[in-house]
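Remarks on the structure that follows.
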Amino acid sequence: MNDFQSVFLGNRKMRLRWVAAFLAVLLFAACAAGCGSKPDSPSPAGTASGGNASAETSADVSRTVGEAETDRPSVGEGVNTYALNSSTEGVRILGKRYLPSSTQINCDWTCSGLEMNIRTDGGDIAFTARVSAPFNASCYFRAYVDGQPWLNENGSPYYTVLADMTPVVLKKIPAGEHTVRLIKVTGYTLARAEITRVAFAGTISAAAPAEKSLYLEFIGDSICCGWGVIGNYEGSYADQDGSLAYPYLTATALNADYAVTALSGQGLLKGTPGVYQGYLYASALRGTDSLYQPLRQADVTVVNIGTNDASLQQPAQFHQALEQLLREILRRNPNGRVLLIYNTMNDNYSEEILSLCKEAGGDAAGIYSLRFERAEKEDRPTNHPSAAEQKKEADLLTAFLREKLNETVTAVPFAPPEPELEPKPEESAISVESVGTGVMLPWDPEKV
């Protein structure tokens, strides 16, 4: 071995000793950190210990639902994660839901969502939403805290869910007790969604917000979805907001619970699944294995359809299909009332709607009709009602329902008519037998 080899190998041995010593120090430090942790008190999902749930720090918030740690609320230091696909205790579900017996919070239909009372230490509230958008459309949610719209970090009321699993984060909620509402404002045919989890520094109150005394159901098409109320009014996916359409506005004005069955571009004679099937099933595009079973009867069902059927020009078929729907509504809500709206975008089937109201018993039987002012196209590509026109319709409908709900229903819808009695022959006040001499009769008895 030459002098160079000796020096090189000697230095290499020394370097290896230094490396070994350095690794030993690192191993000791890691061991000490691990021994000091508490395995039964993990940090909450998606947050550092003691932090706030947020989109930036939430790797776990977007994790696929169904993993073991989502089976029950994950309690950490400061932040709690509630698996809403496992338990909805303390949560009130809004709108038409997919499975009444399920704890999963489906947001398929317009303005469906949840509401809950919370106590928070302050900070962010992060909801996890799973979305299916068949046309690759964006899905939009709106949030409310104590009844007021809660804007996102960009100052917009719209929380966009683009991917299959995306967090919806309400920023900087003040410490204290609040009522939080989250609803999907994109329509049924464009996106279906589920709210699976919520994480925040605080707790969900055991008592969910109370039901309203009045319950309204709405059946319709893109008008009820709020198509074209925002943006450039072209009717694109981003222009739809059900919270600015007359059903949600009316329910809010009357302090009522609601369900909205609205299918854009469809009617009673047109579209798949069509308005009748849409009403019949909990979520027909998910499958026809679950009939819609509302948790209580609707006090009033408001129907606004026919716009998309108008191009078919089949009045007899429309009358028959509308009667079928009306009878199904009454079967499900035997003590409820029904209002048929017409003339929103065209008046092609106005006569059929009015005649059916009369056949069903009209106002006395709680079957009403109401004419909306037709939306003006103005400089918009379509004549869907604008936000201002939707508000005008909501004001008209609100006043109408307030009046009618104070009236008493005195007849049964579609009651068979009373049998007509055979008319009795009129009897003269003067009989021939009692006629004496000198009395002038109006007819000749000999010729009768």
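Identifiers for the structure tokens are assigned positionally: chains receive A, B, ... in sequence, residues are indexed from 1 per chain, and ligands are indexed from 1 in the order shown.
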
| Out of range 218-392 of chain A, which residues get helix (DSSP H, G or I) from DSSP, as a PyMOL selection string? | chain A and resi 222-225+237-239+242-244+246-253+275-280+310-312+315-332+350-360+362-365+387-392

| said: Show me, as number ranges by chain, the residues that have an atom within 7 Å of Ile118 in chain A when counting only C-alpha atoms, minus same-chain residues fewer than 3 positions from it. | reply: A: 177-179, 203-205

| task | To one decimal in Å, tell me the separation between CA of Ala133 in chain A and CA of Pro273 in chain A. | result | 16.6 Å

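Between Pro334 in chain A and the residues A:Ala126, A:Ala191, A:Val169, A:Val412, the shortest atom-to-atom distance, using only C-alpha atoms, involves A:Val412.
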
| said: List as a ChimeraX atom specification the protein and nucleic acid residues near Gln314 in chain A, meaning an atom at most 12 Å away when only C-alpha atoms are counted, but skip any in the same chain fewer than 3 places from it. | reply: /A:268-270,306,308-311,317-321,348-349,352

Residues from the last selection, N, CA and C atoms, saved as a PDB file, in the first residue's frame:
```
ATOM      1  N   LEU A 268     -93.284  17.654 -18.703  1.00  0.00           N
ATOM      2  CA  LEU A 268     -94.090  16.447 -18.502  1.00  0.00           C
ATOM      3  C   LEU A 268     -94.047  15.528 -19.714  1.00  0.00           C
ATOM      4  N   LEU A 269     -93.841  16.092 -20.893  1.00  0.00           N
ATOM      5  CA  LEU A 269     -93.810  15.314 -22.121  1.00  0.00           C
ATOM      6  C   LEU A 269     -92.417  15.248 -22.726  1.00  0.00           C
ATOM      7  N   LYS A 270     -91.459  15.884 -22.102  1.00  0.00           N
ATOM      8  CA  LYS A 270     -90.143  16.051 -22.713  1.00  0.00           C
ATOM      9  C   LYS A 270     -89.052  15.878 -21.675  1.00  0.00           C
ATOM     10  N   GLY A 306     -94.416  23.288 -18.241  1.00  0.00           N
ATOM     11  CA  GLY A 306     -95.086  23.487 -19.527  1.00  0.00           C
ATOM     12  C   GLY A 306     -94.240  24.283 -20.503  1.00  0.00           C
ATOM     13  N   ASN A 308     -91.108  23.889 -21.450  1.00  0.00           N
ATOM     14  CA  ASN A 308     -90.348  23.033 -22.360  1.00  0.00           C
ATOM     15  C   ASN A 308     -91.241  22.110 -23.173  1.00  0.00           C
ATOM     16  N   ASP A 309     -92.484  21.918 -22.726  1.00  0.00           N
ATOM     17  CA  ASP A 309     -93.423  21.095 -23.489  1.00  0.00           C
ATOM     18  C   ASP A 309     -94.095  21.883 -24.606  1.00  0.00           C
ATOM     19  N   ALA A 310     -93.959  23.206 -24.559  1.00  0.00           N
ATOM     20  CA  ALA A 310     -94.712  24.058 -25.485  1.00  0.00           C
ATOM     21  C   ALA A 310     -94.387  23.756 -26.940  1.00  0.00           C
ATOM     22  N   SER A 311     -93.132  23.436 -27.214  1.00  0.00           N
ATOM     23  CA  SER A 311     -92.741  23.202 -28.607  1.00  0.00           C
ATOM     24  C   SER A 311     -93.405  21.971 -29.197  1.00  0.00           C
ATOM     25  N   GLN A 317    -102.428  15.790 -24.536  1.00  0.00           N
ATOM     26  CA  GLN A 317    -101.472  14.966 -23.801  1.00  0.00           C
ATOM     27  C   GLN A 317    -100.929  15.709 -22.589  1.00  0.00           C
ATOM     28  N   PHE A 318    -100.714  16.997 -22.734  1.00  0.00           N
ATOM     29  CA  PHE A 318    -100.214  17.789 -21.607  1.00  0.00           C
ATOM     30  C   PHE A 318    -101.254  17.828 -20.486  1.00  0.00           C
ATOM     31  N   HIS A 319    -102.500  18.022 -20.841  1.00  0.00           N
ATOM     32  CA  HIS A 319    -103.580  18.047 -19.837  1.00  0.00           C
ATOM     33  C   HIS A 319    -103.615  16.734 -19.069  1.00  0.00           C
ATOM     34  N   GLN A 320    -103.494  15.624 -19.789  1.00  0.00           N
ATOM     35  CA  GLN A 320    -103.536  14.315 -19.155  1.00  0.00           C
ATOM     36  C   GLN A 320    -102.328  14.105 -18.232  1.00  0.00           C
ATOM     37  N   ALA A 321    -101.142  14.507 -18.701  1.00  0.00           N
ATOM     38  CA  ALA A 321     -99.932  14.335 -17.890  1.00  0.00           C
ATOM     39  C   ALA A 321     -99.957  15.232 -16.659  1.00  0.00           C
ATOM     40  N   ASN A 348     -98.454  28.776 -23.836  1.00  0.00           N
ATOM     41  CA  ASN A 348     -98.993  27.765 -24.744  1.00  0.00           C
ATOM     42  C   ASN A 348    -100.021  26.852 -24.091  1.00  0.00           C
ATOM     43  N   TYR A 349     -99.848  26.511 -22.823  1.00  0.00           N
ATOM     44  CA  TYR A 349    -100.767  25.576 -22.176  1.00  0.00           C
ATOM     45  C   TYR A 349    -101.565  26.249 -21.061  1.00  0.00           C
ATOM     46  N   GLU A 352    -105.103  24.776 -20.701  1.00  0.00           N
ATOM     47  CA  GLU A 352    -105.127  23.446 -20.093  1.00  0.00           C
ATOM     48  C   GLU A 352    -104.913  23.546 -18.576  1.00  0.00           C
TER      49      GLU A 352
END
```

| query | Which residues, written as a PyMOL selection string, have at least one atom at most 10 Å from Thr408 in chain A, with only C-alpha atoms counted and residues fewer than 5 positions away on the same chain left out? | reply | chain A and resi 363-366

Saved selection, atoms kept: N, CA and C atoms, as a compact mmCIF listing (two decimals), in the first residue's frame:
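Saved file out39.txt follows:
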```
# COMPACT_ATOMS: atom_id res chain seq x y z
N ASP A 363 -110.42 27.01 -6.13
CA ASP A 363 -110.03 27.59 -4.83
C ASP A 363 -110.71 26.89 -3.66
N ALA A 364 -111.96 26.49 -3.83
CA ALA A 364 -112.68 25.85 -2.73
C ALA A 364 -112.01 24.55 -2.29
N ALA A 365 -111.34 23.88 -3.25
CA ALA A 365 -110.65 22.62 -2.94
C ALA A 365 -109.16 22.82 -2.71
N GLY A 366 -108.71 24.06 -2.67
CA GLY A 366 -107.29 24.32 -2.46
C GLY A 366 -106.44 24.08 -3.67
```

Each residue of range 87-194 of chain A with at least one atom at most 9 Å from range 241-264 of chain A should appear once, together with its nearest atom pair and the corresponding distance in Å (one decimal); atoms considered: only C-alpha atoms; ordering: chain, then increasing residue number; output as a tab-separated table.
```
residue	atom	partner	partner_atom	distance
A:Leu94	CA	A:Tyr258	CA	7.3
A:Gly95	CA	A:Ala259	CA	4.1
A:Lys96	CA	A:Ala259	CA	4.8
A:Arg97	CA	A:Ala259	CA	8.5
A:Trp109	CA	A:Thr261	CA	6.4
A:Thr110	CA	A:Val260	CA	5.9
A:Cys111	CA	A:Gly242	CA	6.0
A:Ser112	CA	A:Ala259	CA	7.5
A:Tyr140	CA	A:Asp241	CA	8.1
A:Arg142	CA	A:Ser243	CA	8.3
A:Ile183	CA	A:Ser243	CA	8.6
A:Lys184	CA	A:Gly242	CA	8.1
A:Val185	CA	A:Gly242	CA	4.7
A:Thr186	CA	A:Asp241	CA	5.9
A:Gly187	CA	A:Gly242	CA	7.0
A:Tyr188	CA	A:Leu263	CA	6.3
A:Thr189	CA	A:Leu263	CA	6.2
A:Leu190	CA	A:Ser264	CA	8.7
```

| task | Skip Thr88 in chain A itself and residues of its chain fewer than 2 positions away, then list as a ChimeraX atom specification all residues within 10 Å of it, counting only C-alpha atoms. | result | /A:82-86,90-93,102-105,114,116,196-197,204,206,208

I need the residues from that last selection saved to file as a PDB file, in the first residue's frame (with N, CA and C atoms), if you can.
```pdb
ATOM      1  N   TYR A  82     -66.071  15.991  11.909  1.00  0.00           N
ATOM      2  CA  TYR A  82     -67.303  15.211  12.005  1.00  0.00           C
ATOM      3  C   TYR A  82     -67.574  14.521  10.672  1.00  0.00           C
ATOM      4  N   ALA A  83     -67.687  13.206  10.707  1.00  0.00           N
ATOM      5  CA  ALA A  83     -67.976  12.436   9.500  1.00  0.00           C
ATOM      6  C   ALA A  83     -69.480  12.409   9.279  1.00  0.00           C
ATOM      7  N   LEU A  84     -69.958  13.274   8.422  1.00  0.00           N
ATOM      8  CA  LEU A  84     -71.402  13.402   8.212  1.00  0.00           C
ATOM      9  C   LEU A  84     -71.974  12.225   7.433  1.00  0.00           C
ATOM     10  N   ASN A  85     -71.102  11.448   6.789  1.00  0.00           N
ATOM     11  CA  ASN A  85     -71.593  10.248   6.120  1.00  0.00           C
ATOM     12  C   ASN A  85     -71.780   9.107   7.110  1.00  0.00           C
ATOM     13  N   SER A  86     -71.430   9.352   8.368  1.00  0.00           N
ATOM     14  CA  SER A  86     -71.607   8.347   9.398  1.00  0.00           C
ATOM     15  C   SER A  86     -72.692   8.738  10.392  1.00  0.00           C
ATOM     16  N   GLY A  90     -77.488  16.442  15.185  1.00  0.00           N
ATOM     17  CA  GLY A  90     -77.355  17.879  15.316  1.00  0.00           C
ATOM     18  C   GLY A  90     -77.401  18.636  14.002  1.00  0.00           C
ATOM     19  N   VAL A  91     -77.574  17.924  12.907  1.00  0.00           N
ATOM     20  CA  VAL A  91     -77.580  18.557  11.579  1.00  0.00           C
ATOM     21  C   VAL A  91     -78.977  18.454  10.980  1.00  0.00           C
ATOM     22  N   ARG A  92     -79.500  19.567  10.495  1.00  0.00           N
ATOM     23  CA  ARG A  92     -80.800  19.557   9.816  1.00  0.00           C
ATOM     24  C   ARG A  92     -80.556  19.563   8.307  1.00  0.00           C
ATOM     25  N   ILE A  93     -81.165  18.615   7.633  1.00  0.00           N
ATOM     26  CA  ILE A  93     -80.975  18.478   6.194  1.00  0.00           C
ATOM     27  C   ILE A  93     -82.025  19.311   5.470  1.00  0.00           C
ATOM     28  N   SER A 102     -81.074   7.430   5.173  1.00  0.00           N
ATOM     29  CA  SER A 102     -79.620   7.480   5.152  1.00  0.00           C
ATOM     30  C   SER A 102     -79.111   8.685   5.918  1.00  0.00           C
ATOM     31  N   THR A 103     -77.913   8.516   6.490  1.00  0.00           N
ATOM     32  CA  THR A 103     -77.280   9.648   7.153  1.00  0.00           C
ATOM     33  C   THR A 103     -76.452  10.470   6.181  1.00  0.00           C
ATOM     34  N   GLN A 104     -76.276   9.964   4.992  1.00  0.00           N
ATOM     35  CA  GLN A 104     -75.505  10.708   3.997  1.00  0.00           C
ATOM     36  C   GLN A 104     -76.285  11.941   3.550  1.00  0.00           C
ATOM     37  N   ILE A 105     -75.610  13.078   3.471  1.00  0.00           N
ATOM     38  CA  ILE A 105     -76.285  14.319   3.122  1.00  0.00           C
ATOM     39  C   ILE A 105     -76.104  14.567   1.630  1.00  0.00           C
ATOM     40  N   LEU A 114     -77.481  21.651   4.162  1.00  0.00           N
ATOM     41  CA  LEU A 114     -77.578  21.374   5.589  1.00  0.00           C
ATOM     42  C   LEU A 114     -77.567  22.678   6.383  1.00  0.00           C
ATOM     43  N   MET A 116     -76.813  23.783  10.718  1.00  0.00           N
ATOM     44  CA  MET A 116     -76.461  23.270  12.040  1.00  0.00           C
ATOM     45  C   MET A 116     -76.116  24.419  12.972  1.00  0.00           C
ATOM     46  N   THR A 196     -69.848  15.357   3.002  1.00  0.00           N
ATOM     47  CA  THR A 196     -69.434  14.180   3.751  1.00  0.00           C
ATOM     48  C   THR A 196     -68.808  14.479   5.100  1.00  0.00           C
ATOM     49  N   ARG A 197     -68.136  15.637   5.242  1.00  0.00           N
ATOM     50  CA  ARG A 197     -67.460  15.926   6.504  1.00  0.00           C
ATOM     51  C   ARG A 197     -67.414  17.424   6.751  1.00  0.00           C
ATOM     52  N   ILE A 204     -70.536  20.727  17.217  1.00  0.00           N
ATOM     53  CA  ILE A 204     -71.895  20.838  16.687  1.00  0.00           C
ATOM     54  C   ILE A 204     -72.866  20.636  17.845  1.00  0.00           C
ATOM     55  N   ALA A 206     -75.987  19.533  19.958  1.00  0.00           N
ATOM     56  CA  ALA A 206     -76.787  18.317  19.863  1.00  0.00           C
ATOM     57  C   ALA A 206     -78.163  18.599  19.265  1.00  0.00           C
ATOM     58  N   ALA A 208     -80.408  20.204  16.641  1.00  0.00           N
ATOM     59  CA  ALA A 208     -80.370  20.802  15.315  1.00  0.00           C
ATOM     60  C   ALA A 208     -81.337  21.985  15.248  1.00  0.00           C
TER      61      ALA A 208
END
```

| field | Residues within 8 Å of Asp121 in chain A, only C-alpha atoms, excluding chain neighbours under 4 positions, as a list in words | value |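 Returned residues: Pro174, Ala175, Gly176, Ala201 and Gly202 of chain A.
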
I need the residues from that last selection saved to file as a PDB file, in the first residue's frame (with C-alpha atoms), if you can.
```pdb
ATOM      1  CA  PRO A 174     -65.885  34.626  14.838  1.00  0.00           C
ATOM      2  CA  ALA A 175     -65.760  32.766  18.124  1.00  0.00           C
ATOM      3  CA  GLY A 176     -69.147  32.062  19.668  1.00  0.00           C
ATOM      4  CA  ALA A 201     -62.399  24.336  16.136  1.00  0.00           C
ATOM      5  CA  GLY A 202     -65.540  23.682  18.114  1.00  0.00           C
TER       6      GLY A 202
END
```

| message | One number please: CA of Cys224 in chain A to CA of Pro157 in chain A, in Å, one decimal. | response |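 Spanning CA of Cys224 in chain A to CA of Pro157 in chain A is a straight-line distance of 19.6 Å.
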
| Which of range 205-433 of chain A counts as strand (DSSP E) under DSSP, as a list in words please? | Tyr215, Leu216, Glu217, Phe218, Ile219, Gly220, Asp257, Tyr258, Ala259, Val260, Thr261, Ala262, Val300, Thr301, Val302, Val303, Asn304, Arg337, Val338, Leu339, Leu340, Ile341, Tyr342, Ile367, Tyr368, Ser369, Leu370 and Arg371 of chain A

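Counting only C-alpha atoms and comparing A:Tyr279, A:Thr272, A:Asp347, A:Ile341, the residue that lies closest to Ala394 in chain A is A:Ile341.
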
| request: Just the residues within 9 Å of range 295-302 of chain A, please, counting only C-alpha atoms, with nothing from its chain fewer than 4 positions along; format it as a ChimeraX atom specification. | output: /A:100,214-220,247,258,329,332-341,401,405

Take the residues that were just selected and, keeping C-alpha atoms, output them as a PDB file, in the first residue's frame.
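Output (again.pdb):
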```pdb
ATOM      1  CA  PRO A 100     -84.655   9.567   4.001  1.00  0.00           C
ATOM      2  CA  LEU A 214     -94.658  25.853   7.013  1.00  0.00           C
ATOM      3  CA  TYR A 215     -93.356  23.395   4.408  1.00  0.00           C
ATOM      4  CA  LEU A 216     -93.412  24.207   0.683  1.00  0.00           C
ATOM      5  CA  GLU A 217     -92.566  22.015  -2.278  1.00  0.00           C
ATOM      6  CA  PHE A 218     -91.724  23.382  -5.723  1.00  0.00           C
ATOM      7  CA  ILE A 219     -91.821  21.456  -8.984  1.00  0.00           C
ATOM      8  CA  GLY A 220     -90.461  22.988 -12.146  1.00  0.00           C
ATOM      9  CA  PRO A 247     -88.776  29.121  -4.907  1.00  0.00           C
ATOM     10  CA  TYR A 258     -88.760  23.723   1.269  1.00  0.00           C
ATOM     11  CA  ILE A 329     -99.190  15.286  -5.453  1.00  0.00           C
ATOM     12  CA  ARG A 332     -98.819  12.206  -1.137  1.00  0.00           C
ATOM     13  CA  ASN A 333    -100.178  15.348   0.481  1.00  0.00           C
ATOM     14  CA  PRO A 334    -103.881  14.695   1.106  1.00  0.00           C
ATOM     15  CA  ASN A 335    -104.178  17.733   3.359  1.00  0.00           C
ATOM     16  CA  GLY A 336    -102.048  19.982   1.205  1.00  0.00           C
ATOM     17  CA  ARG A 337    -102.866  22.613  -1.385  1.00  0.00           C
ATOM     18  CA  VAL A 338    -101.558  22.925  -4.931  1.00  0.00           C
ATOM     19  CA  LEU A 339    -100.774  26.015  -6.969  1.00  0.00           C
ATOM     20  CA  LEU A 340    -100.298  25.848 -10.747  1.00  0.00           C
ATOM     21  CA  ILE A 341     -98.292  28.735 -12.214  1.00  0.00           C
ATOM     22  CA  LEU A 401     -99.755  32.304  -0.538  1.00  0.00           C
ATOM     23  CA  LEU A 405    -103.263  30.089   3.541  1.00  0.00           C
TER      24      LEU A 405
END
```

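What separates CA of Ile230 in chain A from CA of Gly267 in chain A is a distance of 23.4 Å.
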